[in-house]
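Worksheet: the structure to be examined is printed underneath.
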Amino acid sequence: MFQRRLTSNMKAKMYPELVERDGDVCFYCAMPFMPEIEAMKRTFDHLNNDWDDNRIENLVLAHFECNNKKRNDLEMQMIAVDKLKKNLASVPYSETLRERENNQATDELTEGELNRIINKITDTYLKERLPDSDNDTFIPFTDTMNSITYLVQQDTKGRGGQVAVRRAIDVRCCSIGEFQILREDGKRIIRRRKTNG
Ligand SMILES: [Zn+2]
């Protein structure tokens, strides 16, 4: 593995992730940084004391003084080893961030975009199961609603509820719609509307 000392470029890149993970405080004493005081300046501490091991799991933010003190402090060394183990055991931090970005993208779906997705999935679902050449086939209403809701949620990371899906089905089953909701043996079903003649 190619290794090199932490550059200011690398520090700038990793700093937001470290703050996100641990907060913008010293890992060892939990106090904030004060750049104007030498001892309380922010440094990047290598948990395992290997200055070439720049994996983000091996780094914490620490005061200049706490970082120095750690060299000869057994208790701090043990705390550092524990923290490294904990970091390595958790999901790689960059993956958590990526996941969050993906979630933000679906959170940012407007109501209109969400409705378009619901309408498209509802249309496809009904038309595939109830082809227009066949007036006798039917599908259960509740399972249809749940299945479409499931497909919408798969597509939008959990956005889109049953109420909106139900509305989409109702619209397609209105008195001039292609489909209709009927009752069969006490259970609601959906089938293609029978045309006169
Ligand atoms: Zn400190």
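Convention: chains lettered A, B, ... in structure tokens order; per-chain residue numbering from 1; ligands numbered from 1 as shown.
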
Query raised in the report: Excluding same-chain residues fewer than 5 positions from region 191-194 of chain A, what lies within 12 Å of it counting only C-alpha atoms, as a VMD selection string?
Result: chain A and resid 126 to 141 144 169 172 to 184

Could those selected residues go to a file with C-alpha atoms, as a PDB file, in the first residue's frame?
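part_31.pdb written:
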ATOM      1  CA  LEU A 126     -53.025  -2.507 -13.886  1.00  0.00           C
ATOM      2  CA  LYS A 127     -52.453  -2.816 -17.638  1.00  0.00           C
ATOM      3  CA  GLU A 128     -50.068  -5.748 -17.308  1.00  0.00           C
ATOM      4  CA  ARG A 129     -52.470  -7.730 -15.152  1.00  0.00           C
ATOM      5  CA  LEU A 130     -55.705  -6.646 -16.813  1.00  0.00           C
ATOM      6  CA  PRO A 131     -55.023  -6.608 -20.579  1.00  0.00           C
ATOM      7  CA  ASP A 132     -57.692  -4.889 -22.662  1.00  0.00           C
ATOM      8  CA  SER A 133     -58.500  -8.069 -24.569  1.00  0.00           C
ATOM      9  CA  ASP A 134     -59.727  -9.661 -21.380  1.00  0.00           C
ATOM     10  CA  ASN A 135     -62.778  -8.441 -19.490  1.00  0.00           C
ATOM     11  CA  ASP A 136     -63.067 -11.338 -17.066  1.00  0.00           C
ATOM     12  CA  THR A 137     -59.758 -11.373 -15.263  1.00  0.00           C
ATOM     13  CA  PHE A 138     -59.729  -9.563 -11.935  1.00  0.00           C
ATOM     14  CA  ILE A 139     -57.201  -8.789  -9.217  1.00  0.00           C
ATOM     15  CA  PRO A 140     -57.826  -8.226  -5.493  1.00  0.00           C
ATOM     16  CA  PHE A 141     -58.071  -4.549  -4.581  1.00  0.00           C
ATOM     17  CA  THR A 144     -53.050  -4.376  -5.700  1.00  0.00           C
ATOM     18  CA  ILE A 169     -56.268   3.528  -8.430  1.00  0.00           C
ATOM     19  CA  ARG A 172     -58.484   4.852 -12.996  1.00  0.00           C
ATOM     20  CA  CYS A 173     -61.624   3.166 -11.677  1.00  0.00           C
ATOM     21  CA  CYS A 174     -63.940   6.186 -11.872  1.00  0.00           C
ATOM     22  CA  SER A 175     -67.146   5.897 -13.876  1.00  0.00           C
ATOM     23  CA  ILE A 176     -65.375   6.843 -17.127  1.00  0.00           C
ATOM     24  CA  GLY A 177     -62.075   5.087 -16.296  1.00  0.00           C
ATOM     25  CA  GLU A 178     -60.668   1.982 -17.973  1.00  0.00           C
ATOM     26  CA  PHE A 179     -61.093  -0.138 -14.865  1.00  0.00           C
ATOM     27  CA  GLN A 180     -63.695  -0.613 -12.171  1.00  0.00           C
ATOM     28  CA  ILE A 181     -63.821  -1.680  -8.561  1.00  0.00           C
ATOM     29  CA  LEU A 182     -66.423  -4.348  -7.820  1.00  0.00           C
ATOM     30  CA  ARG A 183     -67.323  -6.596  -4.951  1.00  0.00           C
ATOM     31  CA  GLU A 184     -66.847 -10.340  -5.374  1.00  0.00           C
TER      32      GLU A 184
END

Query - Nearby polymer residues, ligand 1, at most 12 Å, only C-alpha atoms and all ligand atoms, as a ChimeraX atom specification - result: /A:24-34,38-45,60-70,76

Residues just named, written with N, CA and C atoms as a CSV table (one decimal), in the first residue's frame:
chain,number,residue,atom,x,y,z
A,24,ASP,N,-16.8,18.7,16.2
A,24,ASP,CA,-15.6,19.5,16.0
A,24,ASP,C,-15.0,19.8,17.4
A,25,VAL,N,-14.7,18.8,18.1
A,25,VAL,CA,-14.0,18.9,19.4
A,25,VAL,C,-12.9,17.9,19.6
A,26,CYS,N,-12.0,18.2,20.5
A,26,CYS,CA,-10.9,17.3,20.8
A,26,CYS,C,-11.4,15.9,21.2
A,27,PHE,N,-10.9,14.9,20.5
A,27,PHE,CA,-11.4,13.5,20.8
A,27,PHE,C,-11.0,13.1,22.3
A,28,TYR,N,-9.9,13.6,22.8
A,28,TYR,CA,-9.4,13.2,24.1
A,28,TYR,C,-10.0,13.9,25.2
A,29,CYS,N,-10.3,15.2,25.1
A,29,CYS,CA,-10.8,16.0,26.3
A,29,CYS,C,-12.2,16.6,26.0
A,30,ALA,N,-12.7,16.4,24.7
A,30,ALA,CA,-14.0,16.8,24.3
A,30,ALA,C,-14.2,18.4,24.4
A,31,MET,N,-13.1,19.1,24.5
A,31,MET,CA,-13.2,20.6,24.5
A,31,MET,C,-13.0,21.1,23.1
A,32,PRO,N,-13.6,22.3,22.9
A,32,PRO,CA,-13.5,22.9,21.5
A,32,PRO,C,-12.0,23.3,21.2
A,33,PHE,N,-11.8,23.7,20.0
A,33,PHE,CA,-10.4,24.1,19.6
A,33,PHE,C,-10.4,25.6,19.6
A,34,MET,N,-9.2,26.2,19.9
A,34,MET,CA,-8.9,27.6,19.9
A,34,MET,C,-7.7,27.9,19.2
A,38,GLU,N,-1.8,28.2,21.2
A,38,GLU,CA,-1.0,27.1,20.6
A,38,GLU,C,-1.4,25.7,21.1
A,39,ALA,N,-1.6,25.6,22.4
A,39,ALA,CA,-1.9,24.3,23.0
A,39,ALA,C,-3.2,23.8,22.6
A,40,MET,N,-4.1,24.7,22.2
A,40,MET,CA,-5.5,24.3,21.9
A,40,MET,C,-5.8,24.3,20.4
A,41,LYS,N,-4.7,24.4,19.6
A,41,LYS,CA,-4.9,24.3,18.2
A,41,LYS,C,-5.4,22.9,17.8
A,42,ARG,N,-6.1,22.8,16.6
A,42,ARG,CA,-6.6,21.6,16.1
A,42,ARG,C,-5.5,20.8,15.4
A,43,THR,N,-5.3,19.5,15.8
A,43,THR,CA,-4.4,18.7,15.0
A,43,THR,C,-5.1,17.4,14.6
A,44,PHE,N,-4.5,16.6,13.7
A,44,PHE,CA,-5.0,15.3,13.3
A,44,PHE,C,-4.2,14.3,14.0
A,45,ASP,N,-4.8,13.5,14.9
A,45,ASP,CA,-4.1,12.5,15.7
A,45,ASP,C,-4.3,11.2,15.1
A,60,VAL,N,-8.3,11.1,14.4
A,60,VAL,CA,-9.3,11.9,15.2
A,60,VAL,C,-8.8,13.3,15.3
A,61,LEU,N,-9.6,14.2,15.5
A,61,LEU,CA,-9.2,15.6,15.8
A,61,LEU,C,-8.8,15.7,17.3
A,62,ALA,N,-7.7,16.4,17.5
A,62,ALA,CA,-7.3,16.5,18.9
A,62,ALA,C,-6.5,17.8,19.1
A,63,HIS,N,-6.5,18.4,20.3
A,63,HIS,CA,-5.7,19.5,20.6
A,63,HIS,C,-4.2,19.2,20.4
A,64,PHE,N,-3.5,20.2,20.0
A,64,PHE,CA,-2.0,20.0,19.9
A,64,PHE,C,-1.5,19.5,21.2
A,65,GLU,N,-2.0,20.0,22.3
A,65,GLU,CA,-1.5,19.6,23.6
A,65,GLU,C,-1.9,18.1,24.0
A,66,CYS,N,-3.2,17.8,23.7
A,66,CYS,CA,-3.6,16.5,24.0
A,66,CYS,C,-2.9,15.4,23.1
A,67,ASN,N,-2.7,15.8,21.9
A,67,ASN,CA,-1.9,15.0,20.9
A,67,ASN,C,-0.5,14.7,21.5
A,68,ASN,N,0.1,15.7,22.0
A,68,ASN,CA,1.5,15.6,22.6
A,68,ASN,C,1.4,14.7,23.9
A,69,LYS,N,0.4,15.0,24.7
A,69,LYS,CA,0.3,14.3,26.0
A,69,LYS,C,0.1,12.8,25.8
A,70,LYS,N,-0.6,12.4,24.7
A,70,LYS,CA,-0.9,11.0,24.4
A,70,LYS,C,0.4,10.2,24.3
A,76,MET,N,-4.6,7.2,27.6
A,76,MET,CA,-5.0,7.8,26.3
A,76,MET,C,-4.7,6.8,25.2

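Residues in contact range of Leu88 (chain A), defined as at most 12 Å between only C-alpha atoms, with sequence neighbours fewer than 5 positions away removed, read Leu47, Arg55, Ile56, Glu57, Asn58, Leu59, Val81, Asp82, Lys83 and Tyr93 of chain A.
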
Those same residues, written as a PDB file, in the first residue's frame with N, CA and C atoms?
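So selection.pdb came out as:
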ATOM      1  N   LEU A  47      -4.533   7.489  15.598  1.00  0.00           N
ATOM      2  CA  LEU A  47      -4.897   6.674  16.765  1.00  0.00           C
ATOM      3  C   LEU A  47      -3.853   5.606  17.080  1.00  0.00           C
ATOM      4  N   ARG A  55      -5.701   6.268   6.972  1.00  0.00           N
ATOM      5  CA  ARG A  55      -7.107   5.881   6.824  1.00  0.00           C
ATOM      6  C   ARG A  55      -7.930   6.760   7.760  1.00  0.00           C
ATOM      7  N   ILE A  56      -9.095   7.140   7.309  1.00  0.00           N
ATOM      8  CA  ILE A  56      -9.902   8.051   8.131  1.00  0.00           C
ATOM      9  C   ILE A  56     -10.263   7.398   9.463  1.00  0.00           C
ATOM     10  N   GLU A  57     -10.354   6.067   9.477  1.00  0.00           N
ATOM     11  CA  GLU A  57     -10.649   5.355  10.731  1.00  0.00           C
ATOM     12  C   GLU A  57      -9.533   5.525  11.751  1.00  0.00           C
ATOM     13  N   ASN A  58      -8.334   5.820  11.257  1.00  0.00           N
ATOM     14  CA  ASN A  58      -7.185   5.947  12.158  1.00  0.00           C
ATOM     15  C   ASN A  58      -6.965   7.384  12.616  1.00  0.00           C
ATOM     16  N   LEU A  59      -7.865   8.287  12.209  1.00  0.00           N
ATOM     17  CA  LEU A  59      -7.668   9.699  12.530  1.00  0.00           C
ATOM     18  C   LEU A  59      -8.758  10.240  13.441  1.00  0.00           C
ATOM     19  N   VAL A  81      -6.751   3.141  20.982  1.00  0.00           N
ATOM     20  CA  VAL A  81      -6.865   1.807  20.371  1.00  0.00           C
ATOM     21  C   VAL A  81      -8.336   1.386  20.288  1.00  0.00           C
ATOM     22  N   ASP A  82      -9.077   1.661  21.369  1.00  0.00           N
ATOM     23  CA  ASP A  82     -10.511   1.341  21.376  1.00  0.00           C
ATOM     24  C   ASP A  82     -11.258   2.085  20.271  1.00  0.00           C
ATOM     25  N   LYS A  83     -10.919   3.354  20.133  1.00  0.00           N
ATOM     26  CA  LYS A  83     -11.596   4.187  19.129  1.00  0.00           C
ATOM     27  C   LYS A  83     -11.293   3.665  17.722  1.00  0.00           C
ATOM     28  N   TYR A  93     -17.232   5.288   6.666  1.00  0.00           N
ATOM     29  CA  TYR A  93     -17.959   6.534   6.807  1.00  0.00           C
ATOM     30  C   TYR A  93     -18.389   7.124   5.482  1.00  0.00           C
TER      31      TYR A  93
END

Requested in this report: Determine which residues of region 1-195 of chain A DSSP labels as strand (DSSP E or B) from the backbone of this structure, then write them out as a VMD selection string.
Outcome: chain A and resid 25 32 42 to 46 59 to 63 138 to 140 179 to 184 187 to 192

Can I get the selected residues back with N, CA and C atoms, as a PDB file, in the first residue's frame?
ATOM      1  N   VAL A  25     -14.659  18.774  18.125  1.00  0.00           N
ATOM      2  CA  VAL A  25     -14.034  18.928  19.445  1.00  0.00           C
ATOM      3  C   VAL A  25     -12.875  17.944  19.552  1.00  0.00           C
ATOM      4  N   PRO A  32     -13.607  22.308  22.860  1.00  0.00           N
ATOM      5  CA  PRO A  32     -13.455  22.899  21.514  1.00  0.00           C
ATOM      6  C   PRO A  32     -12.014  23.349  21.230  1.00  0.00           C
ATOM      7  N   ARG A  42      -6.078  22.835  16.623  1.00  0.00           N
ATOM      8  CA  ARG A  42      -6.596  21.569  16.102  1.00  0.00           C
ATOM      9  C   ARG A  42      -5.493  20.805  15.375  1.00  0.00           C
ATOM     10  N   THR A  43      -5.302  19.538  15.755  1.00  0.00           N
ATOM     11  CA  THR A  43      -4.373  18.680  15.016  1.00  0.00           C
ATOM     12  C   THR A  43      -5.086  17.395  14.625  1.00  0.00           C
ATOM     13  N   PHE A  44      -4.470  16.647  13.722  1.00  0.00           N
ATOM     14  CA  PHE A  44      -4.997  15.338  13.323  1.00  0.00           C
ATOM     15  C   PHE A  44      -4.166  14.278  14.038  1.00  0.00           C
ATOM     16  N   ASP A  45      -4.811  13.547  14.925  1.00  0.00           N
ATOM     17  CA  ASP A  45      -4.116  12.536  15.715  1.00  0.00           C
ATOM     18  C   ASP A  45      -4.264  11.163  15.059  1.00  0.00           C
ATOM     19  N   HIS A  46      -3.114  10.456  14.920  1.00  0.00           N
ATOM     20  CA  HIS A  46      -3.163   9.081  14.400  1.00  0.00           C
ATOM     21  C   HIS A  46      -3.381   8.131  15.576  1.00  0.00           C
ATOM     22  N   LEU A  59      -7.865   8.287  12.209  1.00  0.00           N
ATOM     23  CA  LEU A  59      -7.668   9.699  12.530  1.00  0.00           C
ATOM     24  C   LEU A  59      -8.758  10.240  13.441  1.00  0.00           C
ATOM     25  N   VAL A  60      -8.346  11.080  14.375  1.00  0.00           N
ATOM     26  CA  VAL A  60      -9.301  11.869  15.158  1.00  0.00           C
ATOM     27  C   VAL A  60      -8.762  13.287  15.253  1.00  0.00           C
ATOM     28  N   LEU A  61      -9.649  14.228  15.530  1.00  0.00           N
ATOM     29  CA  LEU A  61      -9.228  15.603  15.789  1.00  0.00           C
ATOM     30  C   LEU A  61      -8.822  15.691  17.256  1.00  0.00           C
ATOM     31  N   ALA A  62      -7.721  16.397  17.511  1.00  0.00           N
ATOM     32  CA  ALA A  62      -7.255  16.525  18.897  1.00  0.00           C
ATOM     33  C   ALA A  62      -6.500  17.829  19.067  1.00  0.00           C
ATOM     34  N   HIS A  63      -6.514  18.353  20.293  1.00  0.00           N
ATOM     35  CA  HIS A  63      -5.697  19.528  20.607  1.00  0.00           C
ATOM     36  C   HIS A  63      -4.230  19.203  20.386  1.00  0.00           C
ATOM     37  N   PHE A 138     -59.709 -10.604 -12.975  1.00  0.00           N
ATOM     38  CA  PHE A 138     -59.729  -9.563 -11.935  1.00  0.00           C
ATOM     39  C   PHE A 138     -58.576  -9.776 -10.958  1.00  0.00           C
ATOM     40  N   ILE A 139     -58.258  -8.721 -10.237  1.00  0.00           N
ATOM     41  CA  ILE A 139     -57.201  -8.789  -9.217  1.00  0.00           C
ATOM     42  C   ILE A 139     -57.752  -8.216  -7.920  1.00  0.00           C
ATOM     43  N   PRO A 140     -57.302  -8.734  -6.765  1.00  0.00           N
ATOM     44  CA  PRO A 140     -57.826  -8.226  -5.493  1.00  0.00           C
ATOM     45  C   PRO A 140     -57.398  -6.778  -5.250  1.00  0.00           C
ATOM     46  N   PHE A 179     -60.904   0.984 -15.783  1.00  0.00           N
ATOM     47  CA  PHE A 179     -61.093  -0.138 -14.865  1.00  0.00           C
ATOM     48  C   PHE A 179     -62.258   0.141 -13.920  1.00  0.00           C
ATOM     49  N   GLN A 180     -62.653  -0.853 -13.173  1.00  0.00           N
ATOM     50  CA  GLN A 180     -63.695  -0.613 -12.171  1.00  0.00           C
ATOM     51  C   GLN A 180     -63.454  -1.480 -10.934  1.00  0.00           C
ATOM     52  N   ILE A 181     -63.925  -0.930  -9.815  1.00  0.00           N
ATOM     53  CA  ILE A 181     -63.821  -1.680  -8.561  1.00  0.00           C
ATOM     54  C   ILE A 181     -65.181  -2.316  -8.302  1.00  0.00           C
ATOM     55  N   LEU A 182     -65.170  -3.626  -8.075  1.00  0.00           N
ATOM     56  CA  LEU A 182     -66.423  -4.348  -7.820  1.00  0.00           C
ATOM     57  C   LEU A 182     -66.257  -5.154  -6.551  1.00  0.00           C
ATOM     58  N   ARG A 183     -67.368  -5.743  -6.118  1.00  0.00           N
ATOM     59  CA  ARG A 183     -67.323  -6.596  -4.951  1.00  0.00           C
ATOM     60  C   ARG A 183     -67.574  -8.033  -5.398  1.00  0.00           C
ATOM     61  N   GLU A 184     -66.703  -8.932  -4.995  1.00  0.00           N
ATOM     62  CA  GLU A 184     -66.847 -10.340  -5.374  1.00  0.00           C
ATOM     63  C   GLU A 184     -66.636 -11.170  -4.101  1.00  0.00           C
ATOM     64  N   LYS A 187     -65.347  -9.338  -1.153  1.00  0.00           N
ATOM     65  CA  LYS A 187     -64.029  -8.689  -1.241  1.00  0.00           C
ATOM     66  C   LYS A 187     -63.978  -7.790  -2.464  1.00  0.00           C
ATOM     67  N   ARG A 188     -63.269  -6.685  -2.290  1.00  0.00           N
ATOM     68  CA  ARG A 188     -63.189  -5.750  -3.400  1.00  0.00           C
ATOM     69  C   ARG A 188     -62.174  -6.242  -4.428  1.00  0.00           C
ATOM     70  N   ILE A 189     -62.563  -6.139  -5.687  1.00  0.00           N
ATOM     71  CA  ILE A 189     -61.668  -6.559  -6.784  1.00  0.00           C
ATOM     72  C   ILE A 189     -61.601  -5.450  -7.831  1.00  0.00           C
ATOM     73  N   ILE A 190     -60.592  -5.535  -8.661  1.00  0.00           N
ATOM     74  CA  ILE A 190     -60.470  -4.587  -9.771  1.00  0.00           C
ATOM     75  C   ILE A 190     -60.494  -5.394 -11.078  1.00  0.00           C
ATOM     76  N   ARG A 191     -61.279  -4.940 -12.042  1.00  0.00           N
ATOM     77  CA  ARG A 191     -61.193  -5.562 -13.361  1.00  0.00           C
ATOM     78  C   ARG A 191     -61.415  -4.508 -14.426  1.00  0.00           C
ATOM     79  N   ARG A 192     -61.139  -4.872 -15.636  1.00  0.00           N
ATOM     80  CA  ARG A 192     -61.318  -3.949 -16.746  1.00  0.00           C
ATOM     81  C   ARG A 192     -62.812  -3.670 -16.915  1.00  0.00           C
TER      82      ARG A 192
END

Report task. Identify, with DSSP run on backbone atoms, the residues in region 1-157 of chain A assigned to helix (DSSP H, G or I), and express the list as a ChimeraX atom specification. Result -> /A:8-22,38-40,56-58,64-70,74-89,93-107,111-129,141-156

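The shortest atom-to-atom distance to Asp50 (chain A), with only C-alpha atoms taken into account, belongs to A:Leu6 out of A:Lys11, A:Asn119, A:Asp185, A:Leu6.
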
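The gap separating CA of Gly112 (chain A) from CA of Ala168 (chain A) is 13.1 Å, in Å to one decimal.
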
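Coordinates place CA of Ile121 (chain A) at a distance of 15.9 Å from CA of Leu109 (chain A).
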
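As for CA of Leu74 (chain A) and CA of Ser8 (chain A), they are spaced 28.7 Å apart.
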
Report task. Find the residues around region 151-166 of chain A up to 9 Å (only C-alpha atoms counted), leave out those fewer than 4 positions away in its own chain, and share them as a PyMOL selection string. Result -> chain A and resi 102-103+106-107+109+114-115+117-119+121-122+145-147+170-171

Grab the residues selected above and save them as a PDB file, in the first residue's frame with N, CA and C atoms.
ATOM      1  N   ASN A 102     -27.879   9.980  -1.515  1.00  0.00           N
ATOM      2  CA  ASN A 102     -28.924   9.329  -2.304  1.00  0.00           C
ATOM      3  C   ASN A 102     -30.289   9.603  -1.708  1.00  0.00           C
ATOM      4  N   ASN A 103     -30.361   9.518  -0.388  1.00  0.00           N
ATOM      5  CA  ASN A 103     -31.633   9.757   0.271  1.00  0.00           C
ATOM      6  C   ASN A 103     -32.095  11.187   0.053  1.00  0.00           C
ATOM      7  N   THR A 106     -33.901  11.602  -3.210  1.00  0.00           N
ATOM      8  CA  THR A 106     -35.312  11.213  -3.235  1.00  0.00           C
ATOM      9  C   THR A 106     -36.138  12.108  -2.326  1.00  0.00           C
ATOM     10  N   ASP A 107     -35.533  12.642  -1.257  1.00  0.00           N
ATOM     11  CA  ASP A 107     -36.258  13.587  -0.407  1.00  0.00           C
ATOM     12  C   ASP A 107     -36.629  14.828  -1.201  1.00  0.00           C
ATOM     13  N   LEU A 109     -37.523  14.965  -4.266  1.00  0.00           N
ATOM     14  CA  LEU A 109     -38.582  14.762  -5.250  1.00  0.00           C
ATOM     15  C   LEU A 109     -39.737  15.690  -4.910  1.00  0.00           C
ATOM     16  N   LEU A 114     -43.291  12.913  -7.652  1.00  0.00           N
ATOM     17  CA  LEU A 114     -43.720  11.718  -6.912  1.00  0.00           C
ATOM     18  C   LEU A 114     -45.030  11.183  -7.498  1.00  0.00           C
ATOM     19  N   ASN A 115     -45.959  12.094  -7.783  1.00  0.00           N
ATOM     20  CA  ASN A 115     -47.233  11.678  -8.370  1.00  0.00           C
ATOM     21  C   ASN A 115     -47.040  11.031  -9.731  1.00  0.00           C
ATOM     22  N   ILE A 117     -44.473   9.335 -10.717  1.00  0.00           N
ATOM     23  CA  ILE A 117     -43.953   7.980 -10.483  1.00  0.00           C
ATOM     24  C   ILE A 117     -45.096   7.052 -10.063  1.00  0.00           C
ATOM     25  N   ILE A 118     -45.947   7.532  -9.146  1.00  0.00           N
ATOM     26  CA  ILE A 118     -47.069   6.715  -8.673  1.00  0.00           C
ATOM     27  C   ILE A 118     -48.016   6.385  -9.837  1.00  0.00           C
ATOM     28  N   ASN A 119     -48.319   7.395 -10.669  1.00  0.00           N
ATOM     29  CA  ASN A 119     -49.231   7.173 -11.795  1.00  0.00           C
ATOM     30  C   ASN A 119     -48.659   6.173 -12.788  1.00  0.00           C
ATOM     31  N   ILE A 121     -46.374   3.791 -12.297  1.00  0.00           N
ATOM     32  CA  ILE A 121     -46.321   2.434 -11.761  1.00  0.00           C
ATOM     33  C   ILE A 121     -47.724   1.840 -11.686  1.00  0.00           C
ATOM     34  N   THR A 122     -48.721   2.662 -11.301  1.00  0.00           N
ATOM     35  CA  THR A 122     -50.100   2.177 -11.224  1.00  0.00           C
ATOM     36  C   THR A 122     -50.609   1.755 -12.608  1.00  0.00           C
ATOM     37  N   MET A 145     -53.289  -2.530  -4.184  1.00  0.00           N
ATOM     38  CA  MET A 145     -52.879  -1.272  -3.554  1.00  0.00           C
ATOM     39  C   MET A 145     -51.545  -1.460  -2.806  1.00  0.00           C
ATOM     40  N   ASN A 146     -51.435  -2.556  -2.053  1.00  0.00           N
ATOM     41  CA  ASN A 146     -50.199  -2.804  -1.300  1.00  0.00           C
ATOM     42  C   ASN A 146     -49.018  -3.056  -2.235  1.00  0.00           C
ATOM     43  N   SER A 147     -49.257  -3.788  -3.302  1.00  0.00           N
ATOM     44  CA  SER A 147     -48.172  -4.106  -4.235  1.00  0.00           C
ATOM     45  C   SER A 147     -47.659  -2.850  -4.931  1.00  0.00           C
ATOM     46  N   ASP A 170     -58.201   4.796  -7.633  1.00  0.00           N
ATOM     47  CA  ASP A 170     -59.577   5.306  -7.700  1.00  0.00           C
ATOM     48  C   ASP A 170     -59.826   6.089  -8.989  1.00  0.00           C
ATOM     49  N   VAL A 171     -58.842   6.925  -9.355  1.00  0.00           N
ATOM     50  CA  VAL A 171     -59.003   7.739 -10.567  1.00  0.00           C
ATOM     51  C   VAL A 171     -59.177   6.836 -11.793  1.00  0.00           C
TER      52      VAL A 171
END
